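Trainee: Please see the structure below; I have some questions.
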Amino acid sequence: MALYFIKRLLLSVLVVVIVIVALFLLTYAIPGDPARVALGPRANAELVAEFRQRMGLDQPLLVQLYNFFTSLLRGDLGRDAVSGEPVLNTVLSQLPDTLYLVLGSVIVALIPGVLLGILSARYRGGIIDRISSVLSVSVMSVPAFVIAIYLLLVFSIQLGWFPAIGAGTGFWDRLHRLVLPSLALGLAWIGYIARILRASILEEMNEGHVRTARAFGLSENKIMFDYVLRIAILPMITVLGIGIGQMLSSAVFAEVVFGRPGIGKLVFDAIISRNYPIVTGAVLVTTIFFVIVNLAADLLVAWLNPKVRHDLSR
Amino acid sequence: MSVQNALEVRDLNISYKVPGGKLRALRDINLNVPRGEIVGLVGESGCGKTTLMQTILGLQSSAAVTESGQIMLGDTDLLTLRPKQMRNLLGDRISAVFQDPMKSLNPVLTIGRQMTDIQFRHNISQREKRDRAVEMLQKVRIPDPESRLDQYAFEFSGGMRQRIAIAMALMAEPDVLVADEPTTALDATLELTTIDLLRDLQQDIGCAIIFITHHLGVVAELCQSVNIMYAGEMVESGPTRAVFDAPQHPYTELLFNCDPAQIPERTRHLPTIGGELPSLINLPPGCVFEGRCPKAFGPCAEIHPRRVQSGGSDMVKCHLRDPEVPQ
Amino acid sequence: MTSPADIPTPEPAPEPATAAPVARRKGSFARLVSDPLGALGLFLIALTVAGALLAGLSPHDPVALNPINRFLPPSTDNWLGTDNLGRDLFTRVLYGARIALTVSIGATAIAMITGVAAGLIAGYGPRWLDNVMLLLFDAMKSIPTVMLALLLVTVTGPSVYAVLLVVVLVNAPAYARMARTQTLAIRRAEFIDAEHALGASQARIMLRHVLPNIIGPILIVGAMDIPVVVGIEAGLSFLGLGVRPPTPSWGSILFDGFSYIRDSAWPVIAGGLPIVITTLGFTFLGEALRDTFDPKLGGQK
């Protein structure tokens with residue numbers, strides 16, 4: 001079983017390497033001379049040539065790729081084309097705001113999602129189940145940015161309950177301004193979580209050990225929370241891992257609509273100002289984050305299985 | 001209800017709602033389980049054994065409809081109980097051991113946790129519940145029970161898991177234990193030791209056991225009386241010795257003819273009898289066994305046989321044994 | 001913007017899919033419509049399609065500027081009012097339906113074809129190629145959808161083709177996996193060996209045996225992908241990275257409305273509503289299709 005952990009870890013590393021190569025090739029494919037882009041149209045030919053040599057742009061492709069990798073390993077993602085700051089610093093400085101947003105969205109998704117999943121499995125075929133199933137499908141299909149705009153329209157512009165722009169200062173102000181963006185990103189995942197949880201609860205309910213527990217007169221609540229959910233929660237953890245990555249990247253919509261700082265807003269602005277190092281740097285950081293979250297989710301699922309723990313401890 | 005019966009099933013009729021109408025799974029079932037005795041319940045797959053077991057335990061599927069009948073545990077008719085009242089009896093006065101020991105224990109909770117959980121009715125400390133669990137594991141001959149309580153189901157062999165299941169079922173010293181093919185999944189040696197263990201514990205505790213099986217050898221070894229089911233009906237009941245010596249129903253006779261004990265090659269399943277089970281949705285008017293019965297004659301296809309007493313058997317449903325039917 | 005294929009569901013059983021789709025085809029449309037969600041889905045889609053087809057009948061020009069009439073509320077002349085440049089919103093929404101439908105259906109079709117082709121190659125090719133392609137599919141799934149889209153747009157510049165490329169890269173791996181699984185299962189089956197012996201060409205074998213077995217599940221997943229693609233197109237256009245103005249896309253209508261949300265609520269309502277209607281329509285239809293034809297695929301009911 002330790003083999004599983006090693007394999008899973010290697011796979012993640014490999015995926016990151018592939019993504020890095022793809023990123024490198026894409027930067028290469030960006031139209032226009034990177035030196036020209038970096039130095040601006042007024043730079044003279046001499047300056048451009050010097051820049052190319054300094055950046056290693058006159059080297060063969062494979063050497064450039066090697067240089068790209070080694071600088072990445074040193075944490076060097078290049079320099080912001082506008083401010084000249086290291087890209088990593090800029091990206092990391094924007095990360096916390098996005099992470100708060102993702103955390104808020106996870107809470108929005110998790111609490112009602114788990115509740116609906118449990119209730120609709122418990123009262124299968126009943127009114128709650130039917131409403132929940134239509135609701136799940138509906139929230140899953142409407143894109144986050146449409147929800148974001150409608151939330152903005154109704155609750156900020158029309159009702160004035162929430163401020164429309166910015167991340168705020170101080171705990172309560174920040175929390176207040178986090179509500180609508182979190183709803184916009186999290187709503188869809190209520191559906192995903194409710195569905196996967198309902199399905200895995202119903203599957204587990206058919207297992208022999210549940211029948212045994214019932215044959216001993218344990219209450220349905222006890223069986224649900226102590227015997228079934230412990231197992232049924234596992235597929236949900238995997239889904240949540242994927243969800244966190246997707247929320248992180250969809251954050252751009254909530255950040256643009258609600259005028260919040262964050263990774264998404266950073267990339268959006270960088271694309272408009274053609275600040276490519278920022279775009280690739282931010283994509284790389286988000287992708288690595290996504291890979292790590294998924295890896296953590298998979299390892300957590302494995303670790304929650306006592307059989308795996310037992311095999312590892314030997 | 002006669003006082004010597006721990007459990008008594010009276011004229012039980014159960015059907016399932018199915019798209020084509022009503023599937024009449026159990027029809028006029030009667031079953032007497034005397035106090036402290038082991039009663040065998042035998043039949044092929046699909047004969048209704050499982051439905052009967054589920055109904056006794058109140059674990060029937062939501063599609064099952066109780067048409068009529070009573071299941072008496074002492075003075076209580078289990079069928080009139082509300083779910084909460086039924087839960088109060090389960091694991092206390094009635095318990096069960098199921099077929100597949102690989103699946104009947106929770107995979108992510110320790111054995112100790114499961115064994116203390118089921119003592120939720122007793123107002124004693126966790127420590128005492130744990131001691132009680134250790135004591136039971138000792139009784140079912142699990143070595144080193146104190147430390148094994150903290151292990152998970154997958155750390156035990158199939159035979160051990162089944163012994164743990166038995167320990168859990170007998171922990172509350174119930175009046176009735178329903179054992180649903182508890183040895184079918186085990187190999188021959190384990191089957192024997194498990195049966196010995198079950199009998200020892202039964203004599204120790206004095207409970208009654210409904211032993212569901214399709215292995216006639218086990219019935220002969222373990223049970224005082226035997227009940228034969230076919231296609232949702234009880235076709236013959238009586239003392240084991242008498243039924244084995246002189247089976248009254250042609251179906252019972254056929255079962256014995258293809259009993260694994262009587263044929264050289266030992267098999268897990270009863271060799272099949274030719275023909276098919278009748279449709280339980282559109283029941284034939286006559287005897288349910290008529291289509292496969294080698295001795296079928298005049299009235300069998302038309303008239304449903306009534307219950308008669310014949311030979312050493314207490315009850316048999318066959319025109320051949322009915323003195324009022326002209327042979 | 002998550003493709004339903006990203007969510008772990010029980011993979012379709014690797015054995016050759018259940019036979020006799022012909023027998024099930026009878027009365028399938030009736031069964032689909034008898035599912036209330038399926039009927040509602042079809043109705044919403046019909047609404048969108050009708051809008052796209054009838055767009056030309058509108059007396060208004062979708063792109064001509066008319067600043068004097070900006071921010072008009074809905075009236076008998078302008079059913080959804082006008083936007084910040086005085087253009088009739090209802091007409092723009094109808095033309096937007098053309099973009100949304102052609103892009104989403106076209107892109108899904110291309111993703112399907114690319115994916116199935118890649119899956120066939122992975123399933124039929126040598127072992128190392130299979131492993132490499134699996135790794136690539138995994139890697140592609142590991143880049144969050146929106147980030148991938150932003151990155152690609154950086155390279156290609158904003159255009160419809162950028163949207164197509166994003167959709168293919170995001171959705172094709174799911175089809176590829178389905179095709180690969182089925183190809184491997186068929187490859188193991190003996191009747192292929194028999195045909196090999198008879199000298200049937202590889203292409204013929206793939207067409208004859210793999211495609212009929214996966215076409216059902218793939219079409220269902222396709223139906224469920226369409227709302228995701230509608231979202232990707234509108235989302236990129238919303239960020240100004242998709243369809244170029246002045247071509248009306250629901251996303252750009254929404255963004256224009258968002259920029260002037262304090263002046264008038266109507267542009268935002270007009271831009272968002274069709275997105276909601278279309279995504280809900282295709283999702284309901286996809287769910288109903290799955291429940292009717294392939295309950296295995298979702299594992300929900």
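By convention here, the chains of the structure tokens are called A, B, ... in the order presented, each chain's residues are numbered starting at 1, and ligands are numbered starting at 1 in the order presented.
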Counting only C-alpha atoms, which residues from chain A have an atom at most 6 Å from any atom of chain C, and could you show them as a list in words?
Mentor: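 Within 6 Å of chain C on chain A, we get Val15, Ile30, Ser141, Val142, Pro143, Val146, Ala199, Gln246, Ser249, Ser250, Val283 and Thr287 of chain A.
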Trainee: Keeping only N, CA, C and O atoms, write the selected residues to a file as a tab-separated table (two decimals), in the first residue's frame.
Mentor:
```tsv
chain	number	residue	atom	x	y	z
A	15	VAL	N	2.71	15.02	-13.59
A	15	VAL	CA	1.68	15.91	-14.14
A	15	VAL	C	2.17	17.35	-14.10
A	15	VAL	O	2.07	18.10	-15.07
A	30	ILE	N	3.79	32.21	-27.98
A	30	ILE	CA	3.15	33.53	-27.92
A	30	ILE	C	3.64	34.37	-29.09
A	30	ILE	O	4.85	34.48	-29.33
A	141	SER	N	-25.75	23.69	-13.23
A	141	SER	CA	-25.63	24.03	-14.65
A	141	SER	C	-25.46	25.52	-14.91
A	141	SER	O	-24.90	25.90	-15.92
A	142	VAL	N	-25.94	26.38	-14.01
A	142	VAL	CA	-25.85	27.82	-14.28
A	142	VAL	C	-24.43	28.30	-13.97
A	142	VAL	O	-23.93	28.09	-12.87
A	143	PRO	N	-23.76	28.96	-14.94
A	143	PRO	CA	-22.37	29.37	-14.73
A	143	PRO	C	-22.21	30.35	-13.57
A	143	PRO	O	-23.11	31.16	-13.30
A	146	VAL	N	-22.79	34.21	-14.07
A	146	VAL	CA	-24.18	34.66	-14.18
A	146	VAL	C	-24.76	34.81	-12.78
A	146	VAL	O	-25.40	35.81	-12.45
A	199	ALA	N	-25.74	9.46	-3.41
A	199	ALA	CA	-25.48	8.19	-4.10
A	199	ALA	C	-24.63	7.26	-3.24
A	199	ALA	O	-24.92	6.07	-3.12
A	246	GLN	N	-11.27	23.87	-8.96
A	246	GLN	CA	-12.12	24.58	-9.92
A	246	GLN	C	-12.57	25.93	-9.38
A	246	GLN	O	-12.65	26.91	-10.11
A	249	SER	N	-9.90	28.48	-9.76
A	249	SER	CA	-9.72	29.06	-11.08
A	249	SER	C	-10.95	29.86	-11.53
A	249	SER	O	-10.81	30.84	-12.24
A	250	SER	N	-12.15	29.46	-11.06
A	250	SER	CA	-13.33	30.27	-11.41
A	250	SER	C	-13.37	31.56	-10.61
A	250	SER	O	-14.21	32.42	-10.86
A	283	VAL	N	-0.82	30.82	-13.62
A	283	VAL	CA	-1.36	29.52	-14.04
A	283	VAL	C	-0.57	28.40	-13.39
A	283	VAL	O	-1.13	27.42	-12.89
A	287	THR	N	-2.10	25.70	-10.84
A	287	THR	CA	-2.09	24.30	-11.21
A	287	THR	C	-1.41	23.46	-10.13
A	287	THR	O	-1.92	22.40	-9.75
```
Trainee: Once DSSP has gone over the backbone, tell me which residues of region 66-267 of chain C are in helix (DSSP H, G or I), as JSON, numbers by chain.
Mentor: {"C": [67, 68, 69, 89, 90, 91, 92, 93, 94, 95, 96, 97, 98, 99, 100, 101, 102, 103, 104, 105, 106, 107, 108, 109, 110, 111, 112, 113, 114, 115, 116, 117, 118, 119, 120, 121, 122, 123, 124, 127, 128, 129, 130, 131, 132, 133, 134, 135, 136, 137, 138, 139, 140, 141, 145, 146, 147, 148, 149, 150, 151, 152, 153, 154, 155, 156, 160, 161, 162, 163, 164, 165, 166, 167, 168, 169, 170, 171, 172, 173, 174, 175, 176, 177, 178, 179, 180, 181, 182, 183, 184, 185, 186, 187, 188, 190, 191, 192, 193, 194, 195, 196, 197, 198, 202, 203, 204, 205, 206, 207, 208, 209, 210, 211, 212, 213, 214, 215, 216, 217, 218, 219, 220, 221, 222, 223, 224, 225, 226, 227, 228, 229, 230, 231, 232, 233, 234, 235, 236, 237, 238, 250, 251, 252, 253, 254, 255, 256, 257, 258, 259, 266, 267]}
Trainee: I need the residues from that last selection saved to file as a compact mmCIF listing (two decimals), in the first residue's frame (with C-alpha atoms), if you can.
Mentor:
```
# COMPACT_ATOMS: atom_id res chain seq x y z
CA PRO C 67 -27.01 56.34 -28.47
CA ILE C 68 -30.10 58.53 -28.13
CA ASN C 69 -32.13 55.47 -27.18
CA LEU C 89 -31.39 43.91 -26.32
CA PHE C 90 -33.95 41.35 -27.43
CA THR C 91 -32.52 41.32 -30.96
CA ARG C 92 -28.99 41.01 -29.60
CA VAL C 93 -30.05 38.12 -27.40
CA LEU C 94 -31.57 36.33 -30.40
CA TYR C 95 -28.39 36.74 -32.44
CA GLY C 96 -26.44 35.69 -29.36
CA ALA C 97 -28.36 32.41 -29.43
CA ARG C 98 -26.85 31.72 -32.88
CA ILE C 99 -23.35 32.14 -31.51
CA ALA C 100 -24.08 30.15 -28.36
CA LEU C 101 -25.66 27.23 -30.20
CA THR C 102 -23.18 26.98 -33.05
CA VAL C 103 -20.17 27.32 -30.76
CA SER C 104 -21.43 24.89 -28.14
CA ILE C 105 -22.68 22.22 -30.51
CA GLY C 106 -19.77 22.65 -32.91
CA ALA C 107 -17.14 22.64 -30.20
CA THR C 108 -18.69 19.63 -28.48
CA ALA C 109 -18.74 17.74 -31.77
CA ILE C 110 -15.08 18.55 -32.42
CA ALA C 111 -14.15 17.57 -28.86
CA MET C 112 -16.05 14.32 -29.30
CA ILE C 113 -14.34 13.42 -32.57
CA THR C 114 -10.90 14.37 -31.30
CA GLY C 115 -11.45 12.54 -28.03
CA VAL C 116 -12.75 9.36 -29.60
CA ALA C 117 -9.90 9.35 -32.12
CA ALA C 118 -7.34 9.79 -29.33
CA GLY C 119 -9.05 7.08 -27.28
CA LEU C 120 -9.02 4.64 -30.19
CA ILE C 121 -5.32 5.29 -30.73
CA ALA C 122 -4.57 4.85 -27.03
CA GLY C 123 -6.63 1.68 -26.82
CA TYR C 124 -5.36 0.15 -30.01
CA ARG C 127 1.26 -0.23 -24.48
CA TRP C 128 3.72 2.66 -24.03
CA LEU C 129 1.63 4.94 -26.22
CA ASP C 130 -1.42 4.08 -24.14
CA ASN C 131 0.41 4.98 -20.94
CA VAL C 132 1.73 8.24 -22.36
CA MET C 133 -1.72 9.26 -23.54
CA LEU C 134 -3.33 8.35 -20.22
CA LEU C 135 -0.79 10.55 -18.50
CA LEU C 136 -1.59 13.37 -20.91
CA PHE C 137 -5.31 13.01 -20.25
CA ASP C 138 -4.56 13.16 -16.51
CA ALA C 139 -2.32 16.18 -16.94
CA MET C 140 -4.96 17.99 -18.93
CA LYS C 141 -7.51 17.31 -16.23
CA THR C 145 -10.54 24.82 -16.59
CA VAL C 146 -10.66 28.60 -16.37
CA MET C 147 -6.89 28.93 -15.95
CA LEU C 148 -6.33 26.78 -19.03
CA ALA C 149 -8.74 28.99 -20.95
CA LEU C 150 -7.02 32.19 -19.84
CA LEU C 151 -3.63 30.78 -20.75
CA LEU C 152 -4.71 29.72 -24.23
CA VAL C 153 -6.33 33.04 -24.92
CA THR C 154 -3.07 34.70 -23.97
CA VAL C 155 -1.41 32.78 -26.78
CA THR C 156 -4.07 32.90 -29.46
CA VAL C 160 -14.02 32.08 -31.34
CA TYR C 161 -11.21 29.69 -32.19
CA ALA C 162 -9.70 30.19 -28.75
CA VAL C 163 -13.04 29.09 -27.32
CA LEU C 164 -13.07 26.01 -29.55
CA LEU C 165 -9.53 25.10 -28.53
CA VAL C 166 -10.34 25.44 -24.83
CA VAL C 167 -13.42 23.26 -25.17
CA VAL C 168 -11.54 20.55 -27.05
CA LEU C 169 -8.71 20.49 -24.52
CA VAL C 170 -11.07 20.47 -21.54
CA ASN C 171 -13.69 18.01 -22.76
CA ALA C 172 -11.88 15.67 -25.15
CA PRO C 173 -10.06 13.64 -22.44
CA ALA C 174 -13.38 12.38 -21.04
CA TYR C 175 -14.46 11.06 -24.46
CA ALA C 176 -10.99 9.67 -25.02
CA ARG C 177 -11.20 7.70 -21.80
CA MET C 178 -14.57 6.22 -22.72
CA ALA C 179 -13.36 5.26 -26.18
CA ARG C 180 -10.15 3.82 -24.78
CA THR C 181 -11.93 1.68 -22.16
CA GLN C 182 -14.28 0.30 -24.76
CA THR C 183 -11.52 -0.30 -27.29
CA LEU C 184 -9.51 -2.26 -24.73
CA ALA C 185 -12.57 -4.33 -23.83
CA ILE C 186 -13.35 -5.06 -27.47
CA ARG C 187 -9.73 -5.78 -28.22
CA ARG C 188 -9.75 -8.47 -25.55
CA GLU C 190 -12.44 -13.03 -29.02
CA PHE C 191 -14.51 -12.09 -32.00
CA ILE C 192 -11.96 -9.46 -32.92
CA ASP C 193 -9.31 -12.17 -33.09
CA ALA C 194 -11.57 -14.04 -35.41
CA GLU C 195 -11.88 -11.01 -37.64
CA HIS C 196 -8.16 -10.44 -37.55
CA ALA C 197 -7.78 -13.94 -38.84
CA LEU C 198 -10.22 -13.14 -41.60
CA GLN C 202 -7.94 -2.26 -38.21
CA ALA C 203 -10.05 0.71 -39.23
CA ARG C 204 -12.94 -1.51 -40.13
CA ILE C 205 -12.73 -3.31 -36.79
CA MET C 206 -12.76 -0.04 -34.88
CA LEU C 207 -15.67 1.34 -36.83
CA ARG C 208 -17.71 -1.84 -36.71
CA HIS C 209 -17.23 -2.76 -33.08
CA VAL C 210 -16.05 0.16 -31.00
CA LEU C 211 -18.19 3.01 -32.27
CA PRO C 212 -21.62 1.35 -31.96
CA ASN C 213 -20.80 0.40 -28.39
CA ILE C 214 -19.75 3.85 -27.19
CA ILE C 215 -21.95 6.08 -29.29
CA GLY C 216 -24.82 6.02 -26.75
CA PRO C 217 -22.89 6.97 -23.60
CA ILE C 218 -20.80 9.47 -25.56
CA LEU C 219 -23.86 11.27 -26.89
CA ILE C 220 -25.30 11.45 -23.39
CA VAL C 221 -22.08 12.88 -21.99
CA GLY C 222 -22.07 15.23 -24.99
CA ALA C 223 -25.55 16.50 -24.13
CA MET C 224 -24.37 17.10 -20.58
CA ASP C 225 -21.25 18.88 -21.84
CA ILE C 226 -23.16 21.37 -23.97
CA PRO C 227 -24.30 23.55 -21.04
CA VAL C 228 -20.70 23.56 -19.81
CA VAL C 229 -19.55 24.77 -23.22
CA VAL C 230 -22.27 27.43 -23.35
CA GLY C 231 -20.83 28.57 -20.01
CA ILE C 232 -17.24 28.57 -21.31
CA GLU C 233 -18.16 30.59 -24.41
CA ALA C 234 -20.25 33.11 -22.47
CA GLY C 235 -17.67 33.25 -19.69
CA LEU C 236 -14.75 33.99 -22.00
CA SER C 237 -16.82 36.51 -23.94
CA PHE C 238 -17.80 38.05 -20.60
CA TRP C 250 -24.61 36.54 -24.31
CA GLY C 251 -21.38 36.88 -22.39
CA SER C 252 -20.50 40.25 -23.89
CA ILE C 253 -24.10 41.50 -23.48
CA LEU C 254 -23.77 40.55 -19.84
CA PHE C 255 -20.42 42.30 -19.50
CA ASP C 256 -21.71 45.50 -21.13
CA GLY C 257 -24.65 45.35 -18.77
CA PHE C 258 -22.34 44.75 -15.81
CA SER C 259 -20.32 47.86 -16.70
CA TRP C 266 -32.21 45.37 -18.08
CA PRO C 267 -29.02 44.66 -20.03
```
Trainee: Per residue of chain A within 8 Å of chain B, what are the shortest atom pair and its distance in Å to one decimal, counting only C-alpha atoms, with rows by chain and residue number, as CSV?
Mentor:
```
residue,atom,partner,partner_atom,distance
A:Glu207,CA,B:Lys103,CA,7.1
A:Gly208,CA,B:Ser104,CA,4.6
A:His209,CA,B:Ser104,CA,4.2
A:Val210,CA,B:Asn106,CA,7.6
A:Arg211,CA,B:Ser104,CA,7.5
A:Thr212,CA,B:Ser104,CA,5.9
A:Ala213,CA,B:Ile118,CA,7.9
A:Arg214,CA,B:Leu59,CA,7.7
A:Ala215,CA,B:Leu90,CA,5.8
A:Phe216,CA,B:Gly91,CA,3.9
A:Gly217,CA,B:Arg87,CA,4.3
A:Leu218,CA,B:Ile118,CA,6.9
A:Ser219,CA,B:Arg87,CA,7.5
A:Tyr227,CA,B:Asn106,CA,7.0
A:Arg230,CA,B:Val108,CA,7.4
A:Ile231,CA,B:Val108,CA,7.4
A:Asn305,CA,B:Val108,CA,6.7
A:Pro306,CA,B:Val108,CA,6.0
A:Lys307,CA,B:Phe154,CA,7.2
```
Trainee: Which residues are close to region 275-290 of chain B, i.e. within 8 Å by only C-alpha atoms, leaving aside same-chain residues fewer than 2 positions away? Reply as a list in words.
Mentor: Gly20, Gly21, Lys22, Leu23, Arg24, Ala25, Tyr230, Ala231, Tyr251, Ile273, Arg292, Cys293, Ala296, Pro299, Cys300, Ala301, Glu302, Ile303, His304, Pro305 and Cys318 of chain B
Trainee: How would the residues just chosen look if you wrote them out with N, CA and C atoms as a JSON list (two decimals), in the first residue's frame?
Mentor:
```json
[["chain", "number", "residue", "atom", "x", "y", "z"],
["B", 20, "GLY", "N", -45.77, -5.81, -12.56],
["B", 20, "GLY", "CA", -46.82, -6.63, -13.15],
["B", 20, "GLY", "C", -47.99, -6.91, -12.21],
["B", 21, "GLY", "N", -47.94, -6.38, -11.00],
["B", 21, "GLY", "CA", -49.02, -6.64, -10.06],
["B", 21, "GLY", "C", -48.47, -6.97, -8.68],
["B", 22, "LYS", "N", -48.92, -8.09, -8.11],
["B", 22, "LYS", "CA", -48.53, -8.45, -6.76],
["B", 22, "LYS", "C", -47.78, -9.78, -6.79],
["B", 23, "LEU", "N", -46.55, -9.79, -6.24],
["B", 23, "LEU", "CA", -45.81, -11.04, -6.16],
["B", 23, "LEU", "C", -46.04, -11.63, -4.77],
["B", 24, "ARG", "N", -46.74, -12.77, -4.74],
["B", 24, "ARG", "CA", -47.13, -13.30, -3.43],
["B", 24, "ARG", "C", -46.01, -14.18, -2.89],
["B", 25, "ALA", "N", -45.08, -13.55, -2.18],
["B", 25, "ALA", "CA", -43.83, -14.19, -1.77],
["B", 25, "ALA", "C", -44.03, -15.24, -0.69],
["B", 230, "TYR", "N", -41.35, -24.35, -0.03],
["B", 230, "TYR", "CA", -41.24, -24.40, -1.48],
["B", 230, "TYR", "C", -42.10, -23.29, -2.08],
["B", 231, "ALA", "N", -41.51, -22.45, -2.91],
["B", 231, "ALA", "CA", -42.23, -21.40, -3.66],
["B", 231, "ALA", "C", -43.16, -20.59, -2.76],
["B", 251, "TYR", "N", -41.67, -33.31, -2.57],
["B", 251, "TYR", "CA", -40.56, -32.35, -2.69],
["B", 251, "TYR", "C", -39.49, -32.68, -1.66],
["B", 273, "ILE", "N", -33.58, -29.77, -9.07],
["B", 273, "ILE", "CA", -34.66, -30.67, -9.44],
["B", 273, "ILE", "C", -35.19, -30.11, -10.76],
["B", 292, "ARG", "N", -43.41, -29.80, -11.19],
["B", 292, "ARG", "CA", -42.15, -30.52, -11.09],
["B", 292, "ARG", "C", -42.31, -31.86, -10.37],
["B", 293, "CYS", "N", -43.54, -32.16, -9.97],
["B", 293, "CYS", "CA", -43.74, -33.32, -9.10],
["B", 293, "CYS", "C", -43.84, -34.60, -9.92],
["B", 296, "ALA", "N", -47.44, -36.32, -9.45],
["B", 296, "ALA", "CA", -48.66, -35.54, -9.62],
["B", 296, "ALA", "C", -49.75, -36.39, -10.25],
["B", 299, "PRO", "N", -56.10, -34.42, -9.00],
["B", 299, "PRO", "CA", -56.49, -33.12, -8.44],
["B", 299, "PRO", "C", -55.36, -32.10, -8.38],
["B", 300, "CYS", "N", -54.11, -32.53, -8.56],
["B", 300, "CYS", "CA", -52.96, -31.66, -8.26],
["B", 300, "CYS", "C", -52.95, -30.35, -9.04],
["B", 301, "ALA", "N", -53.37, -30.40, -10.32],
["B", 301, "ALA", "CA", -53.31, -29.19, -11.13],
["B", 301, "ALA", "C", -54.48, -28.26, -10.84],
["B", 302, "GLU", "N", -55.55, -28.80, -10.23],
["B", 302, "GLU", "CA", -56.78, -28.03, -10.07],
["B", 302, "GLU", "C", -57.00, -27.49, -8.66],
["B", 303, "ILE", "N", -56.72, -28.36, -7.68],
["B", 303, "ILE", "CA", -57.10, -28.02, -6.31],
["B", 303, "ILE", "C", -55.85, -27.81, -5.45],
["B", 304, "HIS", "N", -55.87, -26.74, -4.68],
["B", 304, "HIS", "CA", -54.75, -26.46, -3.79],
["B", 304, "HIS", "C", -54.79, -27.42, -2.60],
["B", 305, "PRO", "N", -53.72, -28.15, -2.34],
["B", 305, "PRO", "CA", -53.77, -29.14, -1.24],
["B", 305, "PRO", "C", -53.91, -28.46, 0.11],
["B", 318, "CYS", "N", -50.07, -32.09, 0.75],
["B", 318, "CYS", "CA", -50.00, -32.91, -0.45],
["B", 318, "CYS", "C", -51.25, -33.76, -0.57]]
```
Trainee: Running DSSP on the backbone, which parts of region 148-304 of chain B land in strand (DSSP E), as a count of residues only?
Mentor: 24
Trainee: Expressed in Å to a single decimal, how great is the separation between CA of Val267 (chain A) and CA of Val279 (chain A)?
Mentor: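 Value for the CA of Val267 (chain A)-CA of Val279 (chain A) distance: 5.3 Å.
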Trainee: Closest to Ala246 (chain B) among B:Arg148, B:Glu181, B:Gly312, B:Asp187, using only C-alpha atoms?
Mentor: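 The closest residue to Ala246 (chain B) is B:Gly312.
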Trainee: Compile the contact shell of Arg198 (chain A) as a PDB file with N, CA and C atoms, in the first residue's frame: residues with an atom at most 7 Å away, counting only C-alpha atoms, same-chain residues fewer than 4 positions apart removed.
Mentor:
```
ATOM      1  N   GLY A 117     -27.650  16.095   0.896  1.00  0.00           N
ATOM      2  CA  GLY A 117     -27.266  14.724   0.546  1.00  0.00           C
ATOM      3  C   GLY A 117     -27.792  13.733   1.563  1.00  0.00           C
ATOM      4  N   ILE A 118     -27.612  14.044   2.859  1.00  0.00           N
ATOM      5  CA  ILE A 118     -28.061  13.132   3.913  1.00  0.00           C
ATOM      6  C   ILE A 118     -29.586  13.038   3.916  1.00  0.00           C
ATOM      7  N   SER A 120     -31.760  13.706   1.558  1.00  0.00           N
ATOM      8  CA  SER A 120     -32.424  13.089   0.412  1.00  0.00           C
ATOM      9  C   SER A 120     -32.133  11.592   0.353  1.00  0.00           C
ATOM     10  N   ALA A 121     -31.019  11.149   0.943  1.00  0.00           N
ATOM     11  CA  ALA A 121     -30.793   9.703   1.008  1.00  0.00           C
ATOM     12  C   ALA A 121     -31.692   9.089   2.079  1.00  0.00           C
ATOM     13  N   ALA A 194     -24.207  17.279  -2.859  1.00  0.00           N
ATOM     14  CA  ALA A 194     -25.446  16.610  -2.469  1.00  0.00           C
ATOM     15  C   ALA A 194     -25.620  15.318  -3.270  1.00  0.00           C
ATOM     16  N   LEU A 202     -26.658   5.851  -0.243  1.00  0.00           N
ATOM     17  CA  LEU A 202     -27.612   4.812  -0.647  1.00  0.00           C
ATOM     18  C   LEU A 202     -26.876   3.507  -0.956  1.00  0.00           C
TER      19      LEU A 202
END
```
Trainee: Suppose you want the space between CA of Ala109 (chain A) and CA of Ile201 (chain A); what is it in Å?
Mentor: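 Here the two named atoms are 18.1 Å from each other.
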Trainee: What's the 8 Å shell around Pro235 (chain A), counting only C-alpha atoms, without same-chain residues fewer than 6 positions away, as number ranges by chain?
Mentor: A: 196-197, 200, 301; C: 8
Trainee: Generate the output file for the selected residues, N, CA, C and O atoms, as a compact mmCIF listing (two decimals), in the first residue's frame.
Mentor:
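Dumped everything to result-v1.txt:
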```
# COMPACT_ATOMS: atom_id res chain seq x y z
N ILE A 196 -23.33 13.38 -4.96
CA ILE A 196 -22.36 12.29 -4.74
C ILE A 196 -22.60 11.67 -3.36
O ILE A 196 -22.53 10.46 -3.18
N LEU A 197 -22.93 12.53 -2.37
CA LEU A 197 -23.14 12.01 -1.02
C LEU A 197 -24.39 11.13 -0.98
O LEU A 197 -24.38 10.03 -0.41
N SER A 200 -23.59 7.79 -2.58
CA SER A 200 -22.73 6.87 -1.84
C SER A 200 -23.40 6.42 -0.53
O SER A 200 -23.17 5.29 -0.09
N VAL A 301 -8.33 10.19 1.67
CA VAL A 301 -9.29 9.10 1.47
C VAL A 301 -8.64 7.76 1.78
O VAL A 301 -9.21 6.91 2.47
N PRO C 8 -15.99 12.05 -10.32
CA PRO C 8 -15.86 10.59 -10.40
C PRO C 8 -17.21 9.92 -10.35
O PRO C 8 -17.97 10.09 -9.41
```
